[in-house]
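What follows is a set of notes on a single structure, which appears directly below.
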Amino acid sequence: MNPRAIISKPPLPQAVTEFNKSGRSLLREVSQRSGTEVNLCFHCRTCATGCPFLKGMDYHPNAVLRLLQYGLRQAVLECKTIWVCVGCHTCSNQCPMSIDMAAVMNTLRLMALEKGINPGKRNILTFHQEVMRSLKYYGRAHKLGIMWRYKIHHQGWFQDVDVGLKMLAKHKLELWPSRVKAMEELRFLFPKD
Ligand code: SF4
Ligand code: SF4
């Protein structure tokens, strides 16, 4: 008997090989586009315990990375979590592997849009677009303006009124937008109209 046959590993079933290939290519794509090495995550869950938006998510942030590691492209691009993340960087600041979760989520949102996959949460794309519009014109998020324009699109006038009133009472909502001084330095970030 050929001694190499004794020490060589048995071949992997075809399905596993395909699964490994698609997992690796997805990981490579997301790592390259986001500039963060997704495979370094060892699932300590520090990001999940610190995320202020966990309640609205269907997968915890580290579980999104796990879906990527398993190569489950469709599941990850269809999930709510990638749209609920607001890129606050609370998780990245605490991650022992310095994984930039906000950049990963951003990349996944772009990939979902490129593939024509509907966001996993209804109307959330309008919300993101209104935040970007506010940043483009004022250099910061004018919350009241964002909420107002979002409501114009989707008509849910009385939804979240209690939250809005609480924010007003705590002076968390500015009535009028204020512009940052260095607007010229920000303009290159946005496409021209
Ligand atoms: S904190 Fe970092 S290493 Fe830990 S689970 Fe989250 S992404 Fe992974
Ligand atoms: S960047 Fe996203 S995932 Fe991380 S803590 Fe903020 S909302 Fe949560």
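For the structure tokens, the naming scheme is as follows: chains receive sequential letters (A, B, ...) according to their order of presentation, residues are indexed from 1 within each chain, and ligands are indexed from 1 in presentation order.
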Contacts between ligand 2 and chain A, please, where a residue of chain A counts if it comes within 7 Å (with only C-alpha atoms and all ligand atoms); show its shortest atom pair and distance in Å to one decimal, rows by chain and ascending number, as JSON lines.
{"residue": "A:Cys47", "atom": "CA", "partner": "ligand 2", "partner_atom_place_in_ligand_line": "5 (S)", "distance": 6.3}
{"residue": "A:Gly50", "atom": "CA", "partner": "ligand 2", "partner_atom_place_in_ligand_line": "5 (S)", "distance": 6.1}
{"residue": "A:Cys51", "atom": "CA", "partner": "ligand 2", "partner_atom_place_in_ligand_line": "5 (S)", "distance": 3.7}
{"residue": "A:Pro52", "atom": "CA", "partner": "ligand 2", "partner_atom_place_in_ligand_line": "8 (Fe)", "distance": 5.9}
{"residue": "A:Phe53", "atom": "CA", "partner": "ligand 2", "partner_atom_place_in_ligand_line": "7 (S)", "distance": 5.4}
{"residue": "A:Leu54", "atom": "CA", "partner": "ligand 2", "partner_atom_place_in_ligand_line": "8 (Fe)", "distance": 6.6}
{"residue": "A:Pro61", "atom": "CA", "partner": "ligand 2", "partner_atom_place_in_ligand_line": "3 (S)", "distance": 5.2}
{"residue": "A:Val84", "atom": "CA", "partner": "ligand 2", "partner_atom_place_in_ligand_line": "7 (S)", "distance": 6.9}
{"residue": "A:Cys85", "atom": "CA", "partner": "ligand 2", "partner_atom_place_in_ligand_line": "2 (Fe)", "distance": 3.8}
{"residue": "A:Val86", "atom": "CA", "partner": "ligand 2", "partner_atom_place_in_ligand_line": "7 (S)", "distance": 4.6}
{"residue": "A:Gly87", "atom": "CA", "partner": "ligand 2", "partner_atom_place_in_ligand_line": "1 (S)", "distance": 3.7}
{"residue": "A:Cys88", "atom": "CA", "partner": "ligand 2", "partner_atom_place_in_ligand_line": "6 (Fe)", "distance": 3.9}
{"residue": "A:His89", "atom": "CA", "partner": "ligand 2", "partner_atom_place_in_ligand_line": "1 (S)", "distance": 4.1}
{"residue": "A:Thr90", "atom": "CA", "partner": "ligand 2", "partner_atom_place_in_ligand_line": "5 (S)", "distance": 4.3}
{"residue": "A:Cys91", "atom": "CA", "partner": "ligand 2", "partner_atom_place_in_ligand_line": "5 (S)", "distance": 4.3}
{"residue": "A:Ser92", "atom": "CA", "partner": "ligand 2", "partner_atom_place_in_ligand_line": "4 (Fe)", "distance": 6.4}
{"residue": "A:Met101", "atom": "CA", "partner": "ligand 2", "partner_atom_place_in_ligand_line": "4 (Fe)", "distance": 5.6}
{"residue": "A:Ala102", "atom": "CA", "partner": "ligand 2", "partner_atom_place_in_ligand_line": "1 (S)", "distance": 4.5}
If you keep N, CA and C atoms, can you produce a file of those selected residues as a PDB file, in the first residue's frame?
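What landed in result.pdb:
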ATOM      1  N   CYS A  47     -18.697  42.905  21.924  1.00  0.00           N
ATOM      2  CA  CYS A  47     -19.441  43.845  21.074  1.00  0.00           C
ATOM      3  C   CYS A  47     -20.941  43.732  21.341  1.00  0.00           C
ATOM      4  N   GLY A  50     -22.084  45.395  24.612  1.00  0.00           N
ATOM      5  CA  GLY A  50     -22.007  46.857  24.689  1.00  0.00           C
ATOM      6  C   GLY A  50     -22.878  47.584  23.681  1.00  0.00           C
ATOM      7  N   CYS A  51     -23.463  46.878  22.721  1.00  0.00           N
ATOM      8  CA  CYS A  51     -24.196  47.564  21.641  1.00  0.00           C
ATOM      9  C   CYS A  51     -25.509  48.158  22.158  1.00  0.00           C
ATOM     10  N   PRO A  52     -25.720  49.469  21.977  1.00  0.00           N
ATOM     11  CA  PRO A  52     -26.959  50.079  22.472  1.00  0.00           C
ATOM     12  C   PRO A  52     -28.183  49.759  21.603  1.00  0.00           C
ATOM     13  N   PHE A  53     -27.991  49.119  20.479  1.00  0.00           N
ATOM     14  CA  PHE A  53     -29.125  48.882  19.563  1.00  0.00           C
ATOM     15  C   PHE A  53     -29.467  47.403  19.426  1.00  0.00           C
ATOM     16  N   LEU A  54     -29.004  46.637  20.392  1.00  0.00           N
ATOM     17  CA  LEU A  54     -29.167  45.185  20.324  1.00  0.00           C
ATOM     18  C   LEU A  54     -30.643  44.755  20.208  1.00  0.00           C
ATOM     19  N   PRO A  61     -24.193  41.479  16.882  1.00  0.00           N
ATOM     20  CA  PRO A  61     -23.132  41.859  15.933  1.00  0.00           C
ATOM     21  C   PRO A  61     -22.118  40.736  15.686  1.00  0.00           C
ATOM     22  N   VAL A  84     -29.766  48.092  11.238  1.00  0.00           N
ATOM     23  CA  VAL A  84     -30.053  48.711  12.538  1.00  0.00           C
ATOM     24  C   VAL A  84     -28.796  49.361  13.128  1.00  0.00           C
ATOM     25  N   CYS A  85     -27.639  48.803  12.806  1.00  0.00           N
ATOM     26  CA  CYS A  85     -26.370  49.368  13.309  1.00  0.00           C
ATOM     27  C   CYS A  85     -26.237  50.814  12.840  1.00  0.00           C
ATOM     28  N   VAL A  86     -25.936  51.702  13.779  1.00  0.00           N
ATOM     29  CA  VAL A  86     -25.800  53.128  13.410  1.00  0.00           C
ATOM     30  C   VAL A  86     -24.336  53.559  13.334  1.00  0.00           C
ATOM     31  N   GLY A  87     -23.426  52.592  13.451  1.00  0.00           N
ATOM     32  CA  GLY A  87     -22.002  52.920  13.322  1.00  0.00           C
ATOM     33  C   GLY A  87     -21.484  53.780  14.455  1.00  0.00           C
ATOM     34  N   CYS A  88     -21.965  53.530  15.674  1.00  0.00           N
ATOM     35  CA  CYS A  88     -21.555  54.378  16.804  1.00  0.00           C
ATOM     36  C   CYS A  88     -20.142  54.041  17.313  1.00  0.00           C
ATOM     37  N   HIS A  89     -19.613  52.913  16.911  1.00  0.00           N
ATOM     38  CA  HIS A  89     -18.249  52.480  17.276  1.00  0.00           C
ATOM     39  C   HIS A  89     -18.080  52.088  18.748  1.00  0.00           C
ATOM     40  N   THR A  90     -19.183  51.964  19.488  1.00  0.00           N
ATOM     41  CA  THR A  90     -19.057  51.501  20.880  1.00  0.00           C
ATOM     42  C   THR A  90     -18.362  50.142  20.898  1.00  0.00           C
ATOM     43  N   CYS A  91     -18.757  49.270  19.962  1.00  0.00           N
ATOM     44  CA  CYS A  91     -18.194  47.915  19.942  1.00  0.00           C
ATOM     45  C   CYS A  91     -16.726  47.925  19.517  1.00  0.00           C
ATOM     46  N   SER A  92     -16.419  48.695  18.477  1.00  0.00           N
ATOM     47  CA  SER A  92     -15.033  48.693  17.969  1.00  0.00           C
ATOM     48  C   SER A  92     -14.069  49.176  19.039  1.00  0.00           C
ATOM     49  N   MET A 101     -16.455  47.081  13.437  1.00  0.00           N
ATOM     50  CA  MET A 101     -17.776  46.529  13.135  1.00  0.00           C
ATOM     51  C   MET A 101     -18.598  47.486  12.276  1.00  0.00           C
ATOM     52  N   ALA A 102     -18.472  48.787  12.551  1.00  0.00           N
ATOM     53  CA  ALA A 102     -19.254  49.764  11.775  1.00  0.00           C
ATOM     54  C   ALA A 102     -18.881  49.674  10.293  1.00  0.00           C
TER      55      ALA A 102
END
**Study point:** Nearby residues (only C-alpha atoms) at most 6 Å from range 35-38 of chain A, same-chain spacing under 2 positions excluded, as a list in words
**Key:**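 Listing them by chain and then by number gives Ser31, Gln32, Arg33, Leu40, Ile99 and Asp100 of chain A.
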Practice item. With only C-alpha atoms and all ligand atoms counted, collect every polymer residue having an atom within 6 Å of ligand 1; state the result as a list in words. Key: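 Going residue by residue within 6 Å of ligand 1, we get Cys41, Phe42, His43, Cys44, Arg45, Thr46, Cys47, Asn62, Cys95, Pro96, Met97 and Ile99 of chain A.
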With C-alpha atoms kept, could you save the residues just selected as a tab-separated table (two decimals), in the first residue's frame?
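Below is the file that was written, part_26.tsv:
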chain	number	residue	atom	x	y	z
A	41	CYS	CA	-13.19	37.56	15.64
A	42	PHE	CA	-13.12	34.82	18.27
A	43	HIS	CA	-16.66	35.51	19.57
A	44	CYS	CA	-15.93	36.89	23.00
A	45	ARG	CA	-19.25	38.80	22.58
A	46	THR	CA	-17.92	42.03	24.07
A	47	CYS	CA	-19.44	43.85	21.07
A	62	ASN	CA	-20.70	38.97	16.50
A	95	CYS	CA	-13.10	44.84	20.72
A	96	PRO	CA	-9.88	43.03	21.78
A	97	MET	CA	-9.15	42.33	18.09
A	99	ILE	CA	-12.51	44.79	14.52
Point to revise | Spatial neighbours of Gly139 in chain A, max dist 10 Å, only C-alpha atoms, sep filter under 6 positions, as a list in words | key: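 Listing them by chain and then by number gives Met132, Arg133, Pro177, Ser178, Arg179, Val180, Lys181, Ala182, Met183, Glu184, Glu185, Leu186 and Arg187 of chain A.
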Check your understanding: CA of Arg28 in chain A and CA of Thr49 in chain A are how many Å apart?
Key ->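 For CA of Arg28 in chain A relative to CA of Thr49 in chain A, the distance reads 26.6 Å.
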Review point. Which neighbours of Asp58 in chain A fall inside 12 Å, counting only C-alpha atoms, when residues of the same chain fewer than 4 positions from it are skipped, and could you give them as a ChimeraX atom specification?
Key: /A:48,53-54,62-64,75-76,78-85,120-121
Pull C-alpha atoms from the residues just selected and write them as a short mmCIF file (atom, residue, chain, number, x, y, z; two decimals), in the first residue's frame.
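Okay, this is what ended up in selection21.cif:
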data_model
loop_
_atom_site.label_atom_id
_atom_site.label_comp_id
_atom_site.auth_asym_id
_atom_site.auth_seq_id
_atom_site.Cartn_x
_atom_site.Cartn_y
_atom_site.Cartn_z
CA ALA A 48 -22.86 42.32 21.70
CA PHE A 53 -29.12 48.88 19.56
CA LEU A 54 -29.17 45.19 20.32
CA ASN A 62 -20.70 38.97 16.50
CA ALA A 63 -23.29 36.55 15.06
CA VAL A 64 -23.19 38.58 11.83
CA ALA A 75 -28.60 35.22 5.35
CA VAL A 76 -26.18 37.98 6.22
CA GLU A 78 -30.96 39.84 4.32
CA CYS A 79 -30.66 40.35 8.08
CA LYS A 80 -31.97 43.35 10.02
CA THR A 81 -28.83 43.89 12.04
CA ILE A 82 -26.80 45.37 9.20
CA TRP A 83 -29.45 48.11 8.84
CA VAL A 84 -30.05 48.71 12.54
CA CYS A 85 -26.37 49.37 13.31
CA GLY A 120 -34.32 43.45 6.31
CA LYS A 121 -36.19 46.28 8.05
#
Practice item. Determine which residues of range 86-161 of chain A receive a DSSP assignment of alpha helix (DSSP H), computed from the backbone, and state them as an NGL selection string. Key: :A and (90-94 or 101-114 or 124-138 or 143-154 or 161)
Keeping only C-alpha atoms, take the residues you just selected and write them out as a PDB file, in the first residue's frame.
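Just written: selection.pdb:
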ATOM      1  CA  THR A  90     -19.057  51.501  20.880  1.00  0.00           C
ATOM      2  CA  CYS A  91     -18.194  47.915  19.942  1.00  0.00           C
ATOM      3  CA  SER A  92     -15.033  48.693  17.969  1.00  0.00           C
ATOM      4  CA  ASN A  93     -13.642  50.687  20.894  1.00  0.00           C
ATOM      5  CA  GLN A  94     -13.980  47.642  23.147  1.00  0.00           C
ATOM      6  CA  MET A 101     -17.776  46.529  13.135  1.00  0.00           C
ATOM      7  CA  ALA A 102     -19.254  49.764  11.775  1.00  0.00           C
ATOM      8  CA  ALA A 103     -17.148  49.393   8.607  1.00  0.00           C
ATOM      9  CA  VAL A 104     -18.247  45.761   8.247  1.00  0.00           C
ATOM     10  CA  MET A 105     -21.932  46.698   8.587  1.00  0.00           C
ATOM     11  CA  ASN A 106     -21.501  49.539   6.140  1.00  0.00           C
ATOM     12  CA  THR A 107     -19.884  47.199   3.616  1.00  0.00           C
ATOM     13  CA  LEU A 108     -22.691  44.685   4.035  1.00  0.00           C
ATOM     14  CA  ARG A 109     -25.352  47.355   3.469  1.00  0.00           C
ATOM     15  CA  LEU A 110     -23.627  48.362   0.228  1.00  0.00           C
ATOM     16  CA  MET A 111     -23.333  44.723  -0.857  1.00  0.00           C
ATOM     17  CA  ALA A 112     -27.035  44.157  -0.146  1.00  0.00           C
ATOM     18  CA  LEU A 113     -27.986  47.217  -2.229  1.00  0.00           C
ATOM     19  CA  GLU A 114     -25.693  46.127  -5.066  1.00  0.00           C
ATOM     20  CA  ILE A 124     -34.927  51.838   7.050  1.00  0.00           C
ATOM     21  CA  LEU A 125     -33.257  52.847   3.784  1.00  0.00           C
ATOM     22  CA  THR A 126     -35.127  56.176   3.848  1.00  0.00           C
ATOM     23  CA  PHE A 127     -33.880  56.746   7.374  1.00  0.00           C
ATOM     24  CA  HIS A 128     -30.258  56.172   6.307  1.00  0.00           C
ATOM     25  CA  GLN A 129     -30.736  58.442   3.281  1.00  0.00           C
ATOM     26  CA  GLU A 130     -32.137  61.224   5.476  1.00  0.00           C
ATOM     27  CA  VAL A 131     -29.197  60.943   7.891  1.00  0.00           C
ATOM     28  CA  MET A 132     -26.794  61.253   4.935  1.00  0.00           C
ATOM     29  CA  ARG A 133     -28.723  64.231   3.573  1.00  0.00           C
ATOM     30  CA  SER A 134     -28.440  65.981   6.939  1.00  0.00           C
ATOM     31  CA  LEU A 135     -24.685  65.284   7.099  1.00  0.00           C
ATOM     32  CA  LYS A 136     -24.266  66.562   3.567  1.00  0.00           C
ATOM     33  CA  TYR A 137     -25.991  69.905   4.215  1.00  0.00           C
ATOM     34  CA  TYR A 138     -25.114  70.606   7.833  1.00  0.00           C
ATOM     35  CA  LYS A 143     -32.458  64.806  14.405  1.00  0.00           C
ATOM     36  CA  LEU A 144     -35.700  66.739  14.178  1.00  0.00           C
ATOM     37  CA  GLY A 145     -35.191  67.376  10.452  1.00  0.00           C
ATOM     38  CA  ILE A 146     -34.371  63.706   9.875  1.00  0.00           C
ATOM     39  CA  MET A 147     -37.489  62.579  11.740  1.00  0.00           C
ATOM     40  CA  TRP A 148     -39.664  65.131   9.972  1.00  0.00           C
ATOM     41  CA  ARG A 149     -38.532  64.151   6.466  1.00  0.00           C
ATOM     42  CA  TYR A 150     -38.774  60.456   7.323  1.00  0.00           C
ATOM     43  CA  LYS A 151     -42.388  60.970   8.440  1.00  0.00           C
ATOM     44  CA  ILE A 152     -43.182  62.829   5.224  1.00  0.00           C
ATOM     45  CA  HIS A 153     -42.076  59.733   3.295  1.00  0.00           C
ATOM     46  CA  HIS A 154     -43.811  57.163   5.429  1.00  0.00           C
ATOM     47  CA  VAL A 161     -44.353  60.585  19.332  1.00  0.00           C
TER      48      VAL A 161
END
